[in-house]
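What's in protein-v9.cif: mmCIF, C-alpha atoms
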data_structure
#
loop_
_atom_site.label_atom_id
_atom_site.label_comp_id
_atom_site.auth_asym_id
_atom_site.auth_seq_id
_atom_site.Cartn_x
_atom_site.Cartn_y
_atom_site.Cartn_z
CA MET A 1 108.95 57.90 -135.05
CA PRO A 2 108.55 55.45 -137.96
CA GLU A 3 109.45 56.89 -141.37
CA LEU A 4 108.83 56.37 -145.05
CA VAL A 5 112.27 56.77 -146.62
CA PHE A 6 112.87 56.84 -150.38
CA PHE A 7 116.40 55.89 -151.47
CA SER A 8 116.83 57.09 -155.02
CA GLY A 9 119.51 57.07 -157.69
CA THR A 10 120.26 56.05 -161.25
CA MET A 11 120.61 52.45 -162.30
CA ASP A 12 123.83 50.76 -161.24
CA CYS A 13 124.36 52.97 -158.15
CA GLY A 14 123.84 50.27 -155.53
CA LYS A 15 120.18 50.67 -154.49
CA SER A 16 119.46 46.94 -154.21
CA THR A 17 122.82 46.38 -152.51
CA LEU A 18 121.88 48.96 -149.88
CA ALA A 19 118.46 47.31 -149.44
CA LEU A 20 120.18 43.99 -148.75
CA GLN A 21 122.62 45.68 -146.37
CA ILE A 22 119.77 47.24 -144.38
CA GLU A 23 118.11 43.83 -144.19
CA HIS A 24 121.35 42.23 -143.00
CA ASN A 25 122.05 44.87 -140.35
CA ARG A 26 118.57 44.75 -138.86
CA SER A 27 118.15 40.99 -138.95
CA ALA A 28 121.54 40.67 -137.23
CA ARG A 29 120.01 42.62 -134.32
CA GLY A 30 117.07 40.24 -134.05
CA LEU A 31 114.57 42.27 -136.06
CA GLN A 32 112.33 40.68 -138.67
CA GLY A 33 111.37 42.51 -141.83
CA MET A 34 109.18 41.96 -144.85
CA ILE A 35 110.85 42.36 -148.24
CA PHE A 36 108.86 43.27 -151.34
CA THR A 37 109.99 43.76 -154.91
CA ARG A 38 108.62 44.18 -158.43
CA ASP A 39 110.09 42.91 -161.70
CA ASP A 40 113.56 42.16 -160.33
CA ARG A 41 116.20 41.07 -162.87
CA ALA A 42 116.60 37.75 -161.00
CA GLY A 43 112.97 36.80 -161.51
CA GLU A 44 109.70 36.79 -159.62
CA GLY A 45 109.91 36.93 -155.85
CA LYS A 46 113.61 37.85 -155.74
CA LEU A 47 115.60 40.87 -154.64
CA SER A 48 119.04 40.87 -156.21
CA SER A 49 122.01 43.17 -156.63
CA ARG A 50 124.54 43.29 -159.45
CA LEU A 51 127.19 42.17 -156.95
CA GLY A 52 125.58 38.73 -157.02
CA LEU A 53 123.67 38.98 -153.74
CA VAL A 54 120.08 37.70 -153.77
CA THR A 55 117.30 36.99 -151.29
CA ASP A 56 113.67 35.90 -151.41
CA ALA A 57 110.99 38.58 -151.50
CA VAL A 58 107.26 38.97 -151.95
CA GLU A 59 106.36 39.96 -155.51
CA ALA A 60 104.27 43.13 -155.37
CA ALA A 61 102.47 42.68 -158.66
CA GLU A 62 99.87 45.00 -160.15
CA GLY A 63 96.93 45.29 -157.77
CA PHE A 64 98.91 44.07 -154.75
CA ASP A 65 97.81 45.74 -151.50
CA PHE A 66 100.73 46.29 -149.10
CA TYR A 67 98.58 47.44 -146.21
CA ALA A 68 96.09 44.55 -146.44
CA TYR A 69 98.92 42.02 -146.81
CA LEU A 70 100.72 43.26 -143.69
CA VAL A 71 97.54 43.53 -141.63
CA ALA A 72 96.71 39.92 -142.52
CA HIS A 73 100.25 38.82 -141.67
CA LEU A 74 100.20 40.55 -138.27
CA SER A 75 96.66 39.37 -137.50
CA LYS A 76 97.79 35.76 -137.89
CA GLY A 77 100.48 36.28 -135.28
CA GLY A 78 103.27 37.05 -137.72
CA ARG A 79 105.99 39.51 -136.87
CA CYS A 80 107.17 42.48 -138.87
CA ASP A 81 109.47 45.19 -137.56
CA TYR A 82 110.17 47.02 -140.83
CA VAL A 83 109.42 46.90 -144.55
CA ILE A 84 111.75 47.02 -147.56
CA ALA A 85 110.29 47.74 -151.00
CA ASP A 86 112.72 47.48 -153.91
CA GLU A 87 112.08 48.57 -157.52
CA ALA A 88 109.56 51.02 -156.09
CA GLN A 89 109.46 53.01 -159.32
CA PHE A 90 107.30 50.24 -160.81
CA LEU A 91 104.64 50.55 -158.11
CA ALA A 92 101.37 52.37 -158.71
CA PRO A 93 100.73 55.63 -156.83
CA GLU A 94 98.00 53.97 -154.77
CA GLN A 95 100.51 51.34 -153.66
CA ILE A 96 102.80 54.11 -152.42
CA ASP A 97 99.83 55.48 -150.48
CA GLN A 98 99.48 52.02 -148.91
CA LEU A 99 103.14 52.09 -147.84
CA ALA A 100 102.58 55.50 -146.24
CA ARG A 101 99.60 54.05 -144.38
CA VAL A 102 101.80 51.19 -143.15
CA VAL A 103 104.08 53.80 -141.56
CA ASP A 104 101.29 55.90 -140.07
CA ASP A 105 98.83 53.22 -138.93
CA LEU A 106 101.02 50.17 -138.29
CA GLU A 107 103.98 52.26 -137.10
CA LEU A 108 106.56 50.41 -139.17
CA ASP A 109 109.58 51.89 -140.89
CA VAL A 110 109.34 51.55 -144.67
CA PHE A 111 112.47 51.75 -146.82
CA ALA A 112 111.69 52.15 -150.52
CA PHE A 113 114.34 51.91 -153.23
CA GLY A 114 114.01 52.97 -156.85
CA ILE A 115 115.07 55.15 -159.74
CA THR A 116 113.30 58.48 -160.14
CA THR A 117 113.03 58.95 -163.90
CA ASP A 118 112.58 56.63 -166.86
CA PHE A 119 114.56 56.39 -170.10
CA ARG A 120 112.77 59.52 -171.40
CA SER A 121 113.75 61.55 -168.29
CA LYS A 122 110.11 61.48 -167.17
CA LEU A 123 109.13 60.71 -163.58
CA PHE A 124 107.85 57.23 -162.84
CA PRO A 125 104.39 57.58 -161.23
CA GLY A 126 105.51 55.51 -158.23
CA SER A 127 108.65 57.59 -157.73
CA GLN A 128 106.72 60.82 -158.09
CA ARG A 129 104.32 59.74 -155.37
CA LEU A 130 107.22 58.75 -153.13
CA VAL A 131 108.78 62.19 -153.52
CA GLU A 132 105.42 63.70 -152.58
CA LEU A 133 104.85 61.51 -149.50
CA ALA A 134 108.22 60.39 -148.14
CA ASP A 135 109.47 61.67 -144.81
CA ARG A 136 112.96 61.65 -146.33
CA VAL A 137 114.38 61.30 -149.83
CA GLU A 138 117.96 60.05 -149.79
CA VAL A 139 120.04 60.29 -152.99
CA LEU A 140 122.58 57.48 -152.98
CA GLN A 141 126.14 58.71 -152.75
CA VAL A 142 127.71 55.89 -154.80
CA GLU A 143 127.84 57.59 -158.17
CA ALA A 144 127.27 55.66 -161.35
CA LEU A 145 129.43 56.92 -164.20
CA CYS A 146 128.67 57.73 -167.80
CA TRP A 147 130.93 56.13 -170.42
CA CYS A 148 132.77 59.49 -170.62
CA GLY A 149 133.64 59.36 -166.92
CA ALA A 150 131.26 62.10 -165.79
CA ARG A 151 128.64 61.45 -163.11
CA ALA A 152 125.68 59.63 -164.63
CA THR A 153 122.36 61.36 -163.96
CA HIS A 154 120.06 59.83 -166.58
CA ASN A 155 118.87 56.35 -167.51
CA ALA A 156 118.85 55.42 -171.18
CA ARG A 157 117.16 52.50 -172.91
CA THR A 158 119.12 50.97 -175.77
CA VAL A 159 118.26 48.63 -178.60
CA GLY A 160 121.31 47.10 -180.18
CA GLY A 161 123.47 49.64 -178.35
CA ARG A 162 121.58 52.65 -179.71
CA MET A 163 119.50 54.87 -177.46
CA VAL A 164 115.74 54.91 -178.01
CA VAL A 165 113.24 57.44 -176.65
CA GLU A 166 109.94 55.76 -177.53
CA GLY A 167 108.18 52.71 -176.19
CA ALA A 168 106.48 51.40 -173.06
CA GLN A 169 107.66 52.97 -169.82
CA VAL A 170 108.45 49.60 -168.24
CA VAL A 171 110.50 47.07 -170.21
CA VAL A 172 112.68 44.79 -168.12
CA GLY A 173 116.33 44.79 -169.16
CA ASP A 174 119.78 45.18 -167.65
CA VAL A 175 122.81 47.43 -167.90
CA ASN A 176 124.86 44.39 -168.89
CA ALA A 177 122.99 43.85 -172.15
CA GLY A 178 125.17 43.64 -175.24
CA ASP A 179 125.06 45.51 -178.53
CA ASP A 180 123.28 42.75 -180.49
CA ALA A 181 120.63 44.05 -182.86
CA GLY A 182 117.20 43.99 -181.26
CA GLU A 183 118.49 43.37 -177.72
CA VAL A 184 116.96 45.74 -175.16
CA GLY A 185 119.32 47.06 -172.54
CA TYR A 186 119.88 50.06 -170.30
CA GLU A 187 122.78 52.44 -169.82
CA VAL A 188 123.44 55.32 -167.45
CA LEU A 189 124.54 58.57 -169.07
CA CYS A 190 125.40 62.12 -168.08
CA ARG A 191 122.84 64.73 -169.13
CA ARG A 192 124.93 65.93 -172.07
CA HIS A 193 125.22 62.52 -173.66
CA HIS A 194 121.62 61.63 -172.85
CA ARG A 195 120.53 64.78 -174.71
CA ARG A 196 122.78 63.83 -177.62
CA ARG A 197 121.60 60.19 -177.47
CA MET A 198 125.23 59.10 -177.44
CA THR A 199 125.75 55.73 -175.79
CA ALA A 200 129.04 53.92 -175.30
CA ALA A 201 128.39 51.91 -178.47
CA THR A 202 127.64 54.93 -180.64
CA ALA A 203 130.63 56.76 -179.16
CA ARG A 204 132.91 53.85 -180.15
CA ALA A 205 131.44 53.85 -183.65
CA ALA A 206 132.01 57.59 -183.99
CA ALA A 207 135.60 57.27 -182.80
CA LEU A 208 136.30 54.70 -185.53
CA SER A 209 134.72 56.80 -188.27
CA PRO A 210 137.15 58.69 -190.57
CA ASP A 211 134.56 61.45 -190.81
CA VAL A 212 135.35 62.65 -187.32
CA LEU A 213 139.13 62.91 -187.58
CA PRO A 214 140.24 66.33 -186.32
CA VAL A 215 142.56 67.03 -189.30
CA PRO A 216 142.32 66.23 -193.02
CA ALA A 217 143.56 62.78 -193.88
CA GLU A 218 146.26 64.10 -196.24
CA GLU A 219 147.91 65.90 -193.35
CA LEU A 220 148.51 62.56 -191.67
CA ARG A 221 150.59 61.17 -194.60
CA PRO A 222 154.04 60.09 -193.36
CA ASP A 223 155.74 61.57 -196.44
CA ARG A 224 154.30 65.03 -195.84
CA PRO A 225 157.12 67.43 -194.76
CA THR A 226 156.98 68.70 -191.21
CA VAL A 227 157.10 72.48 -190.78
CA ARG A 228 159.00 73.62 -187.72
CA SER A 229 159.18 77.17 -186.38
#
Structure rendered as structure tokens:
Amino acid sequence: MPELVFFSGTMDCGKSTLALQIEHNRSARGLQGMIFTRDDRAGEGKLSSRLGLVTDAVEAAEGFDFYAYLVAHLSKGGRCDYVIADEAQFLAPEQIDQLARVVDDLELDVFAFGITTDFRSKLFPGSQRLVELADRVEVLQVEALCWCGARATHNARTVGGRMVVEGAQVVVGDVNAGDDAGEVGYEVLCRRHHRRRMTAATARAAALSPDVLPVPAEELRPDRPTVRS
């Protein structure tokens, strides 16, 4: 039976890479799929991974109707054996309903890829609807890591390297953004450091601060006698 499958994970855990791998495996067996994306880092109408892989895709902008698009494509004699929808967190709930209808009425497998929560740890509306409707929700097993080495579970938005918790839900950026003032970027963090709003940049700054040394500075003087027991 065709399925609606939601592949979910934090940023930088290989979602787009897996989408491209599924496309490669199925096309290698003679199947033809339709690839959709929304606000990809590589630009409009592209599906890209951070490994440098990229392919053309249909841009599913606001108001785009997946079901109507695929019905029109099939009615003109086009072929479609499966559907891939990347950056699904940016889709509207009604667009997720359309993808579910593609599975049920057109009997096509739909593979959706996206992050579940935004930089405030709030569910994206598109991801929430996918969790509600998907036949399966698969959490990607390639773990992204926080700067401390723990498993990253939260997505953080940064401005100049500092975590922010206010602003529009969707602002396009990348995890490779630098620490320049005013530059918007994203970083994956463990829950502890997301709660503390401690990014890699602020952690480095704290490590260099004399205020956080574990012992008084005078105890580090080389001329201070060492007491042995």
Could you give me, as a tab-separated table, a per-residue list for segment 23-65 of chain A showing, wherever an atom lies at most 8 Å from an atom of segment 78-84 of chain A, the closest pair of atoms and their distance in Å to one decimal, using only C-alpha atoms and sorting by chain then residue number from low to high?
residue	atom	partner	partner_atom	distance
A:Glu23	CA	A:Ile84	CA	7.9
A:Leu31	CA	A:Asp81	CA	6.1
A:Gln32	CA	A:Asp81	CA	5.5
A:Gly33	CA	A:Tyr82	CA	4.8
A:Met34	CA	A:Val83	CA	5.0
A:Ile35	CA	A:Ile84	CA	4.8
A:Phe36	CA	A:Ile84	CA	6.1
I would like the residues chosen by the PyMOL selection byres ((chain A and resi 103-105) around 10) on the shown file; could you give them as a PyMOL selection string? chain A and resi 1-4+67+82-83+98-102+106-110
What does the PyMOL selection byres ((chain A and resi 188) around 12) select in this file, as a short mmCIF file (atom, residue, chain, number, x, y, z; two decimals) with C-alpha atoms, in the coordinates of the input?
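The file below, out08.cif, is the result:
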data_model
loop_
_atom_site.label_atom_id
_atom_site.label_comp_id
_atom_site.auth_asym_id
_atom_site.auth_seq_id
_atom_site.Cartn_x
_atom_site.Cartn_y
_atom_site.Cartn_z
CA GLY A 9 119.51 57.07 -157.69
CA THR A 10 120.26 56.05 -161.25
CA MET A 11 120.61 52.45 -162.30
CA ASP A 12 123.83 50.76 -161.24
CA CYS A 13 124.36 52.97 -158.15
CA ILE A 115 115.07 55.15 -159.74
CA THR A 117 113.03 58.95 -163.90
CA ASP A 118 112.58 56.63 -166.86
CA PHE A 119 114.56 56.39 -170.10
CA SER A 121 113.75 61.55 -168.29
CA GLU A 143 127.84 57.59 -158.17
CA ALA A 144 127.27 55.66 -161.35
CA LEU A 145 129.43 56.92 -164.20
CA CYS A 146 128.67 57.73 -167.80
CA TRP A 147 130.93 56.13 -170.42
CA CYS A 148 132.77 59.49 -170.62
CA GLY A 149 133.64 59.36 -166.92
CA ALA A 150 131.26 62.10 -165.79
CA ARG A 151 128.64 61.45 -163.11
CA ALA A 152 125.68 59.63 -164.63
CA THR A 153 122.36 61.36 -163.96
CA HIS A 154 120.06 59.83 -166.58
CA ASN A 155 118.87 56.35 -167.51
CA ALA A 156 118.85 55.42 -171.18
CA ARG A 157 117.16 52.50 -172.91
CA THR A 158 119.12 50.97 -175.77
CA MET A 163 119.50 54.87 -177.46
CA ASP A 174 119.78 45.18 -167.65
CA VAL A 175 122.81 47.43 -167.90
CA ASN A 176 124.86 44.39 -168.89
CA GLY A 185 119.32 47.06 -172.54
CA TYR A 186 119.88 50.06 -170.30
CA GLU A 187 122.78 52.44 -169.82
CA LEU A 189 124.54 58.57 -169.07
CA CYS A 190 125.40 62.12 -168.08
CA ARG A 191 122.84 64.73 -169.13
CA ARG A 192 124.93 65.93 -172.07
CA HIS A 193 125.22 62.52 -173.66
CA HIS A 194 121.62 61.63 -172.85
CA ARG A 197 121.60 60.19 -177.47
CA MET A 198 125.23 59.10 -177.44
CA THR A 199 125.75 55.73 -175.79
CA ALA A 200 129.04 53.92 -175.30
#
I would like the residues chosen by the PyMOL selection byres ((chain A and resi 113) around 8) on the shown file; could you give them as a PyMOL selection string? chain A and resi 6-8+15-16+19+84-89+111-112+114-115
Using only C-alpha atoms - which residues lie no farther than 12 Å from the point (100.0, 43.7, -154.8) in the file's frame? Write them as an MDAnalysis selection string. chainID A and resid 36:38 58:70 85 90:92 94:96 98:99
Take the residues just selected and output them with C-alpha atoms as a compact mmCIF listing (two decimals), keeping the file's coordinate frame.
# COMPACT_ATOMS: atom_id res chain seq x y z
CA PHE A 36 108.86 43.27 -151.34
CA THR A 37 109.99 43.76 -154.91
CA ARG A 38 108.62 44.18 -158.43
CA VAL A 58 107.26 38.97 -151.95
CA GLU A 59 106.36 39.96 -155.51
CA ALA A 60 104.27 43.13 -155.37
CA ALA A 61 102.47 42.68 -158.66
CA GLU A 62 99.87 45.00 -160.15
CA GLY A 63 96.93 45.29 -157.77
CA PHE A 64 98.91 44.07 -154.75
CA ASP A 65 97.81 45.74 -151.50
CA PHE A 66 100.73 46.29 -149.10
CA TYR A 67 98.58 47.44 -146.21
CA ALA A 68 96.09 44.55 -146.44
CA TYR A 69 98.92 42.02 -146.81
CA LEU A 70 100.72 43.26 -143.69
CA ALA A 85 110.29 47.74 -151.00
CA PHE A 90 107.30 50.24 -160.81
CA LEU A 91 104.64 50.55 -158.11
CA ALA A 92 101.37 52.37 -158.71
CA GLU A 94 98.00 53.97 -154.77
CA GLN A 95 100.51 51.34 -153.66
CA ILE A 96 102.80 54.11 -152.42
CA GLN A 98 99.48 52.02 -148.91
CA LEU A 99 103.14 52.09 -147.84
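Across the model, the gap from atom CA of Gln169 of chain A to atom CA of Pro125 of chain A is 10.3 Å.
Relative to atom CA of Leu74 of chain A, atom CA of Ser127 of chain A is found at 27.2 Å.
The spacing separating atom CA of Val139 of chain A from atom CA of Thr202 of chain A amounts to 29.2 Å.
Using all atoms listed in the file, the nearest neighbour of Glu44 of chain A within the list A:Gly14, A:Asp56, A:Arg29, A:Ile22 is A:Asp56.
Between Thr17 of chain A and the candidates A:Val164, A:Val131, A:Leu123, A:Leu140, the tightest atom-to-atom separation, counting all atoms listed in the file, involves A:Leu140.
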